[in-house]
Protein chains: 2
Amino acid sequence: MSDPEDRFPRSRALFERAAAVIPCGIYGHTAPAAALPGAFPYYAARAQGSRYWDVDGHEYIDYLCGYGPVILGHQHPEVEEAAARQQREALCVNHPGPIMVELAEYLVSQVSFSAWGVFGKNGSDMTTWAVQVAREHTRRRKVLKVAGAYHGIDPWCTPGHAGLIEEDRAHIHEFRWNDLDSFESRLREFRGDIAAVILTPFHHPAFGASEMPKPEFWPTIEAACRREGIVLILDDIRAGFRLDLGGSHTVFGFEPDLICFCKALANGHALSATLGRHELRVAASKVFLAGSYWNSPPAMAAALACLKILKRDDAVSHLRLLGTRLMDGLVAAGARQGYEVIASGPPAVPFLTFAEDPDLRRRQRFCAEVTRRGALFHPHHNWFLSTAHTALDIDETLRIADEAFALLRESEPQPPRCRP
Amino acid sequence: MSDPEDRFPRSRALFERAAAVIPCGIYGHTAPAAALPGAFPYYAARAQGSRYWDVDGHEYIDYLCGYGPVILGHQHPEVEEAAARQQREALCVNHPGPIMVELAEYLVSQVSFSAWGVFGKNGSDMTTWAVQVAREHTRRRKVLKVAGAYHGIDPWCTPGHAGLIEEDRAHIHEFRWNDLDSFESRLREFRGDIAAVILTPFHHPAFGASEMPKPEFWPTIEAACRREGIVLILDDIRAGFRLDLGGSHTVFGFEPDLICFCKALANGHALSATLGRHELRVAASKVFLAGSYWNSPPAMAAALACLKILKRDDAVSHLRLLGTRLMDGLVAAGARQGYEVIASGPPAVPFLTFAEDPDLRRRQRFCAEVTRRGALFHPHHNWFLSTAHTALDIDETLRIADEAFALLRESEPQPPRCRP
């Protein structure tokens with residue numbers, strides 16, 4: 001790899017300016033340190049369809065999709081037209097528009113167990129509110145979550161460690177994904193005081209491979225929640241609408257009591273939503289919910305357009321087919337160079353790890369080489385597909401990946417074993 | 001007043017549909033129950049400049065401005081063009097755009113004490129994060145706030161009572177606005193464990209008159225924070241950029257350590273910001289901050305355009321003059337009918353109460369009559385002016401208010417006293 005200093009002069013200049021006026025220059029999940037400093041783009045110039053351009057003029061096939069919100073491709077004309085039409089009428093107004101009612105009706109009609117919906121702007125808005133609704137409904141305190149699961153940035157769940165006090169998590173307790181013994185142990189420990197279990201449909205820890213649920217995982221969780229009167233919250237913020245338009249629980253054969261959506265809901269327009277069962281309506285009515293921009297109609301118009309296009313175009317099948325083609329191809333390409341690579345997560349929200357990669361360096365080098373050749377592969381965060389991705393995009397990506405695997409192979413003095 | 005059933009048939013029909021699929025139909029601060037059911041609009045159709053139209057075709061001179069975000073009038077062409085131009089390039093992309101750096105540089109250059117800035121989507125995002133930064137910086141737990149002050153919807157500060165547990169506010173302690181004895185009593189009580197004092201620049205409790213700070217209020221608070229190593233957080237979400245473009249503290253002659261902006265920052269586009277002192281940069285770097293849409297460039301482009309227009313057009317003077325004309329006129333109009341009405345808050349963010357109105361019915365009736373005649377006066381929430389409001393708007397509003405006061409006067413069997 002040539003000197004990365006040569007590839008990102010504009011990014012470096014911007015980052016130097018940013019470092020003077022923004023803590024860390026770039027913070028949060030898009031911070032350079034979270035990806036591959038020097039090999040990964042820092043600043044966005046534009047995006048269109050399946051393509052993303054950084055400020056240094058590099059073009060990428062975009063497998064991050066804005067870290068998830070973009071499901072129909074960037075700048076989808078029908079979504080943008082729906083949002084713009086609404087925006088010319090009412091951007092930030094004193095009351096909700098009719099679109100809020102239409103969108104709630106549509107979502108409730110699509111998500112089987114739900115009787116009502118509310119809207120926010122961030123995923124965190126919704127997970128924090130859902131926990132309050134569960135506490136109000138049950139009059140209990142405890143919340144069970146999975147270790148390493150991401151549910152947002154509020155103090156009860158942030159992956160950060162700074163600025164927290166003991167009370168923030170006094171009643172938040174963790175168990176291990178797919179480890180039903182650890183779940184049942186928590187159940188016994190806090191029986192009668194558990195308000196909610198909050199889970200993502202599958203486990204996608206930062207840095208690690210994604211893990212699908214064991215067959216008995218969801219039925220056991222669901223039955224325990226019913227039996228003990230615990231509110232089951234599905235955090236479908238990341239996977240929602242990519243696995244099933246009715247919510248990701250349908251794929252795994254269970255029903256939650258509350259479901260939180262965000263990301264793919266409005267193809268990149270800022271909107272989140274929580275839908276819930278009839279039984280939780282009274283509690284939901286009582287927990288205060290408001291924000292400066294939460295009635296804004298354009299994002300809701302974008303969402304309704306996005307959801308209808310997803311259905312019309314059978315996006316779920318498209319994403320599954322493309323994701324399968326991509327991940328099968330990557331596994332095969334790795335094998336040709338003697339690497340055992342593992343595709344994890346659902347094909348529509350995939351991730352790739354190396355079987356032998358104790359310090360993540362192999363994955364990081366692979367992703368760096370693919371990225372510099374024009375396909376944006378994040379080394380530490382799962383990837384996303386959109387309906388704008390084509391079979392040609394996938395084939396170009398696989399050609400790039402072949403080169404990257406070959407380069408990796410050449411440079412490694414001790415090639416790893418690969419199971420046949 | 002004629003039967004309100006006649007005035008809002010479309011609103012009623014929408015609300016009936018909404019009640020089936022949304023808890024409370026409309027929730028939060030825009031819920032009908034929070035205003036004047038039957039007399040106040042429920043659903044927005046559109047807005048332009050200083051005008052707002054509900055779905056039943058009523059036009060209002062808009063003194064709510066989307067509850068604050070709209071400071072240049074609805075659909076300001078320069079702001080919308082800046083946002084749209086950016087949106088065509090990059091709506092929801094994988095990294096920040098150059099506009100994030102430009103906006104942070106601009107804000108830091110305008111807000112005297114600040115060395116850095118970060119961005120979110122909601123006001124609550126910023127107040128909750130600021131509290132964490134203060135706790136990280138001080139390694140202390142306690143937060144002092146004013147009783148009845150609104151800082152957002154997160155569990156530590158929500159005005160709601162549902163879904164909370166004891167730990168949410170274990171270290172949140174209140175004192176009374178303008179009551180320095182109650183402040184100093186809290187200081188003594190928790191000396192050495194106070195991380196932050198969070199305050200709005202003036203007090204604007206729901207339902208009540210706004211209260212400006214006593215002359216010794218801010219100097220005393222500021223000195224105590226410096227002396228005790230407490231982080232002073234100015235929640236300038238509601239008043240920010242309406243009193244002074246450099247932050248509302250400049251009006252009152254003090255400097256906070258952190259300042260939270262939202263509302264007027266981007267003329268209605270969803271954006272919030274926190275700016276801070278150099279000394280807090282390390283803590284700010286450590287407290288995780290991220291959201292699905294937080295790097296989105298269009299709202300940042302809107303903000304930069306908005307802030308530059310506010311400066312170019314001397315918006316602060318315009319708002320002060322118009323607000324003074326409005327409130328002086330209302331006080332005089334009330335007096336002509338024998339009512340002592342009180343203008344409270346800064347003229348740019350004014351509110352009106354009746355001196356004698358123990359159950360708020362007089363204010364509610366007055367606001368209902370003004371609103372049905374075409375000027376949106378909220379009975380329980382302070383009002384906002386925008387630079388799109390004109391002297392003609394104010395004069396039309398005062399003509400309407402004259403009618404409303406006269407009607408009120410006619411209908412009251414026992415007119416109240418009015419001081420000469």
# chains A, B, ... in the order shown; residues from 1 in each chain; ligands from 1
call {"tool": "residues_around", "arguments": {"residues": "Ala170 of chain A", "least_positions_apart": "3", "cutoff": "8 Å", "atoms": "only C-alpha atoms", "output": "MDAnalysis selection string"}}
result
(chainID A and resid 166:167) or (chainID B and resid 167)
call {"tool": "write_last_selection", "arguments": {"atoms": "C-alpha atoms", "output": "short mmCIF file (atom, residue, chain, number, x, y, z; two decimals), in the first residue's frame"}}
result
data_model
loop_
_atom_site.label_atom_id
_atom_site.label_comp_id
_atom_site.auth_asym_id
_atom_site.auth_seq_id
_atom_site.Cartn_x
_atom_site.Cartn_y
_atom_site.Cartn_z
CA GLU A 166 -23.39 4.22 39.39
CA GLU A 167 -27.11 4.96 39.38
CA GLU B 167 -32.22 6.33 40.56
#
call {"tool": "closest_atom_pairs", "arguments": {"of": "chain A", "to": "chain B", "cutoff": "6 Å", "atoms": "only C-alpha atoms", "output": "JSON lines"}}
result
{"residue": "A:Ala18", "atom": "CA", "partner": "B:Val101", "partner_atom": "CA", "distance": 5.3}
{"residue": "A:Val21", "atom": "CA", "partner": "B:Trp116", "partner_atom": "CA", "distance": 4.1}
{"residue": "A:Ile22", "atom": "CA", "partner": "B:Trp116", "partner_atom": "CA", "distance": 4.9}
{"residue": "A:Pro23", "atom": "CA", "partner": "B:Ser285", "partner_atom": "CA", "distance": 5.0}
{"residue": "A:Cys24", "atom": "CA", "partner": "B:Ser285", "partner_atom": "CA", "distance": 5.8}
{"residue": "A:Gly28", "atom": "CA", "partner": "B:Ala290", "partner_atom": "CA", "distance": 4.7}
{"residue": "A:Thr30", "atom": "CA", "partner": "B:His95", "partner_atom": "CA", "distance": 5.9}
{"residue": "A:Tyr43", "atom": "CA", "partner": "B:His95", "partner_atom": "CA", "distance": 5.2}
{"residue": "A:Ala44", "atom": "CA", "partner": "B:Gly97", "partner_atom": "CA", "distance": 4.8}
{"residue": "A:Arg46", "atom": "CA", "partner": "B:Glu89", "partner_atom": "CA", "distance": 4.6}
{"residue": "A:Ala47", "atom": "CA", "partner": "B:Ala90", "partner_atom": "CA", "distance": 5.6}
{"residue": "A:Gly66", "atom": "CA", "partner": "B:Asn94", "partner_atom": "CA", "distance": 4.2}
{"residue": "A:Glu89", "atom": "CA", "partner": "B:Arg46", "partner_atom": "CA", "distance": 4.6}
{"residue": "A:Ala90", "atom": "CA", "partner": "B:Arg46", "partner_atom": "CA", "distance": 4.7}
{"residue": "A:Cys92", "atom": "CA", "partner": "B:Gly268", "partner_atom": "CA", "distance": 5.0}
{"residue": "A:Val93", "atom": "CA", "partner": "B:Gly66", "partner_atom": "CA", "distance": 4.3}
{"residue": "A:Asn94", "atom": "CA", "partner": "B:Gly66", "partner_atom": "CA", "distance": 4.2}
{"residue": "A:His95", "atom": "CA", "partner": "B:Tyr43", "partner_atom": "CA", "distance": 5.2}
{"residue": "A:Pro96", "atom": "CA", "partner": "B:Tyr43", "partner_atom": "CA", "distance": 5.3}
{"residue": "A:Gly97", "atom": "CA", "partner": "B:Ala44", "partner_atom": "CA", "distance": 4.8}
{"residue": "A:Val101", "atom": "CA", "partner": "B:Ala18", "partner_atom": "CA", "distance": 5.4}
{"residue": "A:Trp116", "atom": "CA", "partner": "B:Val21", "partner_atom": "CA", "distance": 4.2}
{"residue": "A:Gly117", "atom": "CA", "partner": "B:Ile22", "partner_atom": "CA", "distance": 5.3}
{"residue": "A:Gln132", "atom": "CA", "partner": "B:Gly163", "partner_atom": "CA", "distance": 4.2}
{"residue": "A:Val133", "atom": "CA", "partner": "B:Gly163", "partner_atom": "CA", "distance": 5.7}
{"residue": "A:Arg135", "atom": "CA", "partner": "B:Gly163", "partner_atom": "CA", "distance": 4.9}
{"residue": "A:Glu136", "atom": "CA", "partner": "B:Gly163", "partner_atom": "CA", "distance": 4.0}
{"residue": "A:Gly160", "atom": "CA", "partner": "B:Phe288", "partner_atom": "CA", "distance": 5.1}
{"residue": "A:Ala162", "atom": "CA", "partner": "B:Val287", "partner_atom": "CA", "distance": 5.0}
{"residue": "A:Gly163", "atom": "CA", "partner": "B:Glu136", "partner_atom": "CA", "distance": 4.0}
{"residue": "A:Glu167", "atom": "CA", "partner": "B:Glu167", "partner_atom": "CA", "distance": 5.4}
{"residue": "A:Gly268", "atom": "CA", "partner": "B:Cys92", "partner_atom": "CA", "distance": 5.0}
{"residue": "A:Ala270", "atom": "CA", "partner": "B:Tyr293", "partner_atom": "CA", "distance": 5.8}
{"residue": "A:Arg281", "atom": "CA", "partner": "B:Pro23", "partner_atom": "CA", "distance": 6.0}
{"residue": "A:Ser285", "atom": "CA", "partner": "B:Pro23", "partner_atom": "CA", "distance": 5.0}
{"residue": "A:Lys286", "atom": "CA", "partner": "B:Ala162", "partner_atom": "CA", "distance": 5.8}
{"residue": "A:Val287", "atom": "CA", "partner": "B:Ala162", "partner_atom": "CA", "distance": 5.0}
{"residue": "A:Phe288", "atom": "CA", "partner": "B:Gly160", "partner_atom": "CA", "distance": 5.1}
{"residue": "A:Leu289", "atom": "CA", "partner": "B:Gly28", "partner_atom": "CA", "distance": 5.1}
{"residue": "A:Ala290", "atom": "CA", "partner": "B:Gly28", "partner_atom": "CA", "distance": 4.7}
{"residue": "A:Tyr293", "atom": "CA", "partner": "B:Ala270", "partner_atom": "CA", "distance": 5.8}
call {"tool": "residues_around", "arguments": {"residues": "Phe252 of chain B", "least_positions_apart": "5", "cutoff": "12 Å", "atoms": "only C-alpha atoms", "output": "PyMOL selection string"}}
result
chain B and resi 200-202+212-222+234+243-244+246-247+346
